[in-house]
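K.L.:
There's a structure below that I have some questions on.
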Amino acid sequence: MDSRIAFSCCALLLVVTLLPLSANASSKLHIVYMGEKKHDDPSAVTASHHDILTSVLGSKDESLKSIVYSYKHGFSGFAAMLTKTQARTLAKFPEVISVKPNTYHKAHTTRSWDFLGLGHNKSPQQTDLLRKANYGEDIIIGVIDSGIWPESRSFDDNGYGPVQARWKGICQTGTAFNATSCNRKIIGARWYSEGINAMHLKGEYMSPRDFSGHGTHVASTIAGGEVQGVSYAGLATGMARGGAPRARLAIYKVLWGPNTAASDASILAAIDDAIHDGVDVLSLSLGGGAGHEFPGTLHAVLRGISVIFSAGNDGPAPQTVTNVAPWVTTVAASTMDRAFPTFISLGNKEKLVGQSLYYNSTLNNDDFKELVHAGSCTEEWLASSNVTGKIVLCYAPREAPSMLPRVELPRTINRTVSAGAKGLIFAQYNMNSLDSLTACKAGMPCVLVDYEIAQKIASYWENTENPVVKVSPTMTVVGDGVLSPRVASFSSRGPSPLYPGILKPDITAPGVSILAAVRGSYVLFSGTSMACPHVSAVTALLKSIHPDWSPAMIKSAIVTTASVSDGFGAPIEAETVPRKVADPFDFGGGHIDPDRASDPGLVYNVDAREYNKFFNCAIGLLHGCESYQLNLNLPSIAIPDLKDHVTVQRTITNVGAVGTTYHAVLEAPAGVVMSVEPSMITFAKGSSTSMTFRVSFTTRRRVQGGFTFGSLTWSDGNTHSVRIPVAVRTVIQDFVADTS
């Protein structure tokens with residue numbers, strides 16, 4: 001057996017004698033990952049790190065100066081300042097799995113929980129997940145993010161009992177954060193600033209206190225207590241609360257500054273500490289872009305901790321999904337049944353409708369203002385024209401191919417405000433950038449319209465001698481009249497460029513215009529960062545009612561019970577150009593359905609040793625690994641290179657009633673013949689609770705093609721419909737996806 005295999009507990013430490021390689025000005029922070037720890041005593045693990053560094057750097061003193069973090073609880077490794085030569089030398093040690101330069105990352109309600117069916121307005125007779133789980137009572141959720149604002153009403157600990165005896169964490173103090181900042185709700189807090197550029201620390205709280213508001217928003221979405229009558233300046237009024245409002249929170253601050261910068265070194269240190277502290281769920285609304293993963297998460301899952309990640313905000317471009325390890329749950333973002341329509345009145349008495357977050361009616365005073373059509377609203381055009389006190393229309397359809405609305409909108413807002421405008425009407429081809437509207441200063445109206453509405457406004461402007469316009473305060477509309485859910489345009493899409501045989505994302509959840517706590521108020525944010533905490537909360541509730549379920553079983557329950565239809569029974573759509581029916585690379589299994597996930601009937605469990613094999617294959621320690629990826633017992637099937645015929649294997653475990661019979665229902669991907677054997681499975685009394693089946697795929701067309709999609713559903717004809725998504729790509733030549 002190769003002594004470098006990541007999780008071999010008996011790997012031999014070889015004594016290597018090397019000439020000293022002392023650190024110098026060219027040293028940079030590197031992550032040295034060593035896999036499973038070889039000692040139970042954390043101090044012994046750290047000592048082994050110092051020993052290996054000393055053998056490379058030449059002295060214990062240099063070793064102590066070089067090391068930044070020692071990962072010693074959940075896994076073994078360290079972050080240290082190293083030159084390229086030192087890094088290459090360390091990589092040759094047999095106990096070292098990998099040495100990589102430190103990389104940097106960034107962060108990726110009143111209505112959303114009602115939309116997901118976990119509202120407090122259900123009748124007492126209804127036995128929904130929220131009540132069965134006792135609102136997440138005493139589940140500990142670790143939030144690795146930008147910290148927390150402990151004074152927020154969402155984190156009041158009135159009515160909570162003592163902190164669980166199993167909790168091993170600490171309340172690390174610092175700037176504006178003392179021991180009393182933790183309580184029976186926020187039971188622990190740590191912060192990690194090593195390896196962060198000083199630029200991102202300027203003005204920051206050197207403590208777990210949240211500077212940007214991102215972490216507070218996420219934490220309150222997961223487990224915030226009930227706070228009545230909150231709103232964003234009168235919009236989206238209601239009761240704010242988290243999905244698991246009685247759960248406890250453990251805070252790990254790794255994101256710093258207004259740009260929420262983080263580093264590998266800090267994130268791995270937080271994961272390591274969270275494993276030691278005793279969290280049940282880890283929620284990470286952050287990422288480093290497609291192709292970057294965090295190996296420490298595997299060690300958390302191996303210890304029964306469910307790990308939930310955001311999928312990224314680089315959509316709708318394909319192959320942008322991040323955080324794609326098969327043992328984590330990767331969350332896309334979608335809309336919910338709430339909109340913010342805003343009336344636009346033209347001087348010819350025509351009324352049009354856009355979307356806005358405009359609430360400062362005192363600035364309007366029912367006065368019409370002069371309308372200016374500024375095309376693409378370039379800085380040069382605005383500087384050369386007098387737009388002071390006017391409302392500016394930005395409409396340039398010919399530039400649509402090169403303009404990404406969510407990127408261009410904040411820039412345009414800043415330019416028009418600087419030019420003295422009193423309002424902005426921004427034309428775009430999708431309507432999911434409402435969070436950017438908060439960049440408008442002093443309540444200035446910034447209204448989003450589609451190209452059809454923009455064309456009507458432009459035509460009025462062209463044909464009127466003195467065109468004027470008025471923007472009315474925004475309204476809040478909730479319910480069936482709002483088409484939802486739809487996958488948000490910004491939500492990163494599959495397939496994964498790192499693991500094309502692992503279907504990602506796994507699931508979608510509300511992530512557009514989510515109202516949650518930020519400092520002492522409540523603010524609307526959008527992003528997969530906001531979708532991730534919804535799934536984290538549901539995971540916590542499922543852990544509460546199924547404490548013996550593994551992370552894989554919980555993930556399976558969420559994916560296989562998800563909905564692929566909207567509120568009217570039509571297929572869920574994805575915002576892209578143009579809008580289309582959503583496929584598994586948009587939303588994985590579909591839109592999360594918490595109540596159905598509590599009783600899935602069947603689950604796809606994974607033996608943790610199979611994750612080990614997959615990981616070792618991924619880093620090149622094992623070979624002939626194609627079957628591991630295809631046959632890993634995930635609640636999805638992805639075949640990226642079907643040339644002729646392939647058969648994959650899955651095992652289902654009955655967590656429902658004994659004696660139930662399930663029939664397979666197949667939806668074959670286009671151009672592929674799909675079959676399952678056996679096609680009927682009965683879980684008889686006294687027989688095994690797990691059954692294995694095989695799914696065969698045969699191409700009907702020899703083409704170098706793209707992915708097509710289908711599904712496999714096990715149905716008991718009554719209560720349970722256990723569906724997994726399927727993605728297949730036919731190829732003629734290896735390593736070539738599509739010749740079109």
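Simple scheme: letters A, B, ... for chains in structure tokens order, numbers from 1 for residues in each chain, numbers from 1 for ligands in the order shown.
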Neighbours of Ser306 (chain A) within 6 Å (only C-alpha atoms; same-chain residues fewer than 2 positions away dropped), as a list of chain:residue names?
P.N.:
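Within the cut-off, the hits are A:Val281, A:Val301, A:Pro551.
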K.L.:
At a cut-off of 6 Å, using only C-alpha atoms, what residues contact Ala638 (chain A)? Leave out same-chain residues fewer than 5 positions from it and give the result as a ChimeraX atom specification.
P.N.:
/A:501-503,726-728
K.L.:
Keeping only C-alpha atoms, write those residues as a PDB file, in the first residue's frame.
P.N.:
ATOM      1  CA  GLY A 501     -18.973  12.699 -13.439  1.00  0.00           C
ATOM      2  CA  ILE A 502     -20.432  14.269 -10.264  1.00  0.00           C
ATOM      3  CA  LEU A 503     -23.699  16.082 -10.940  1.00  0.00           C
ATOM      4  CA  VAL A 726     -29.601  11.912 -14.787  1.00  0.00           C
ATOM      5  CA  ALA A 727     -27.168  13.668 -17.161  1.00  0.00           C
ATOM      6  CA  VAL A 728     -25.492  11.896 -20.098  1.00  0.00           C
TER       7      VAL A 728
END
K.L.:
Using only C-alpha atoms, which of A:Gln172, A:Ser563, A:Ser711, A:Ser536 sits nearest Val328 (chain A)?
P.N.:
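Smallest separation from Val328 (chain A) among the options: A:Ser536.
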K.L.:
Give the strand (DSSP E) residues of region 159-376 of chain A, as DSSP finds them on the backbone, and put them as a PyMOL selection string.
P.N.:
chain A and resi 186-191+227-232+235-240+248-253+261-263+281-284+286-287+306-310+329-334+338-339+341-346+351-355+369-373
K.L.:
Neighbours of Pro533 (chain A) within 7 Å (only C-alpha atoms; same-chain residues fewer than 4 positions away dropped), as a PyMOL selection string?
P.N.:
chain A and resi 218+221-222+283+537
K.L.:
Using all heavy atoms, can you write the selected residues to a file as a PDB file, in the first residue's frame?
P.N.:
ATOM      1  N   VAL A 218     -26.574  35.534   6.997  1.00  0.00           N
ATOM      2  CA  VAL A 218     -26.600  34.079   6.824  1.00  0.00           C
ATOM      3  C   VAL A 218     -27.041  33.391   8.114  1.00  0.00           C
ATOM      4  O   VAL A 218     -27.914  32.513   8.107  1.00  0.00           O
ATOM      5  CB  VAL A 218     -25.207  33.572   6.381  1.00  0.00           C
ATOM      6  CG1 VAL A 218     -25.103  32.059   6.515  1.00  0.00           C
ATOM      7  CG2 VAL A 218     -24.929  33.998   4.940  1.00  0.00           C
ATOM      8  N   THR A 221     -30.691  33.779   8.877  1.00  0.00           N
ATOM      9  CA  THR A 221     -31.513  32.989   7.955  1.00  0.00           C
ATOM     10  C   THR A 221     -31.561  31.527   8.397  1.00  0.00           C
ATOM     11  O   THR A 221     -32.586  30.861   8.278  1.00  0.00           O
ATOM     12  CB  THR A 221     -30.962  33.079   6.523  1.00  0.00           C
ATOM     13  OG1 THR A 221     -30.946  34.450   6.103  1.00  0.00           O
ATOM     14  CG2 THR A 221     -31.810  32.270   5.551  1.00  0.00           C
ATOM     15  N   ILE A 222     -30.451  31.034   8.926  1.00  0.00           N
ATOM     16  CA  ILE A 222     -30.403  29.642   9.387  1.00  0.00           C
ATOM     17  C   ILE A 222     -31.176  29.462  10.687  1.00  0.00           C
ATOM     18  O   ILE A 222     -32.049  28.592  10.785  1.00  0.00           O
ATOM     19  CB  ILE A 222     -28.949  29.189   9.620  1.00  0.00           C
ATOM     20  CG1 ILE A 222     -28.137  29.230   8.333  1.00  0.00           C
ATOM     21  CG2 ILE A 222     -28.924  27.767  10.200  1.00  0.00           C
ATOM     22  CD1 ILE A 222     -26.655  28.943   8.534  1.00  0.00           C
ATOM     23  N   SER A 283     -22.126  25.362   7.665  1.00  0.00           N
ATOM     24  CA  SER A 283     -22.676  26.150   6.564  1.00  0.00           C
ATOM     25  C   SER A 283     -21.615  27.119   6.061  1.00  0.00           C
ATOM     26  O   SER A 283     -21.079  27.917   6.833  1.00  0.00           O
ATOM     27  CB  SER A 283     -23.910  26.931   7.036  1.00  0.00           C
ATOM     28  OG  SER A 283     -24.526  27.605   5.966  1.00  0.00           O
ATOM     29  N   ALA A 537     -30.394  25.040   7.301  1.00  0.00           N
ATOM     30  CA  ALA A 537     -31.442  24.964   8.321  1.00  0.00           C
ATOM     31  C   ALA A 537     -32.276  23.700   8.162  1.00  0.00           C
ATOM     32  O   ALA A 537     -32.601  23.026   9.153  1.00  0.00           O
ATOM     33  CB  ALA A 537     -32.330  26.202   8.244  1.00  0.00           C
TER      34      ALA A 537
END
K.L.:
Give me, as a count of residues only, all polymer residues having an atom no more than 7 Å from region 181-198 of chain A, counting only C-alpha atoms and skipping those fewer than 5 positions away in the same chain.
P.N.:
26
K.L.:
Quick one: residues within 10 Å of Glu408 (chain A), only C-alpha atoms, excluding same-chain residues fewer than 3 positions away - as an mmCIF file with C-alpha atoms, in the first residue's frame?
P.N.:
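Output file around.cif is given in full below:
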data_model
loop_
_atom_site.group_PDB
_atom_site.id
_atom_site.type_symbol
_atom_site.label_atom_id
_atom_site.label_comp_id
_atom_site.auth_asym_id
_atom_site.auth_seq_id
_atom_site.Cartn_x
_atom_site.Cartn_y
_atom_site.Cartn_z
ATOM 1 C CA SER A 376 -25.596 52.890 -22.288
ATOM 2 C CA MET A 403 -23.120 43.482 -20.851
ATOM 3 C CA LEU A 404 -23.811 41.410 -17.754
ATOM 4 C CA PRO A 405 -26.655 43.237 -15.963
ATOM 5 C CA ARG A 411 -21.623 50.763 -11.904
ATOM 6 C CA THR A 412 -24.441 52.580 -13.661
ATOM 7 C CA ILE A 413 -26.054 53.508 -10.338
ATOM 8 C CA PHE A 426 -32.257 50.548 -16.164
ATOM 9 C CA GLN A 428 -31.907 44.586 -18.728
ATOM 10 C CA SER A 436 -27.890 45.815 -6.319
#
K.L.:
For Val581 (chain A), please output as a PyMOL selection string all residues within 12 Å (counting only C-alpha atoms; exclusion window: fewer than 2 positions along the same chain).
P.N.:
chain A and resi 485-487+564-566+570-579+583-587+590+709
K.L.:
Between CA of Met34 (chain A) and CA of Gly77 (chain A), what is the distance, to one decimal in Å?
P.N.:
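Calculated distance between CA of Met34 (chain A) and CA of Gly77 (chain A) is 5.0 Å.
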K.L.:
When you count only C-alpha atoms, which of these residues is closest to Ser27 (chain A): A:Gly296, A:Pro101, A:Pro497, A:Gly588?
P.N.:
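Closest residue, counting only C-alpha atoms: A:Pro101.
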K.L.:
When you draw a straight line from CA of Ser544 (chain A) to CA of Arg131 (chain A), how long is it in Å?
P.N.:
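Separation of CA of Ser544 (chain A) and CA of Arg131 (chain A): 10.6 Å.
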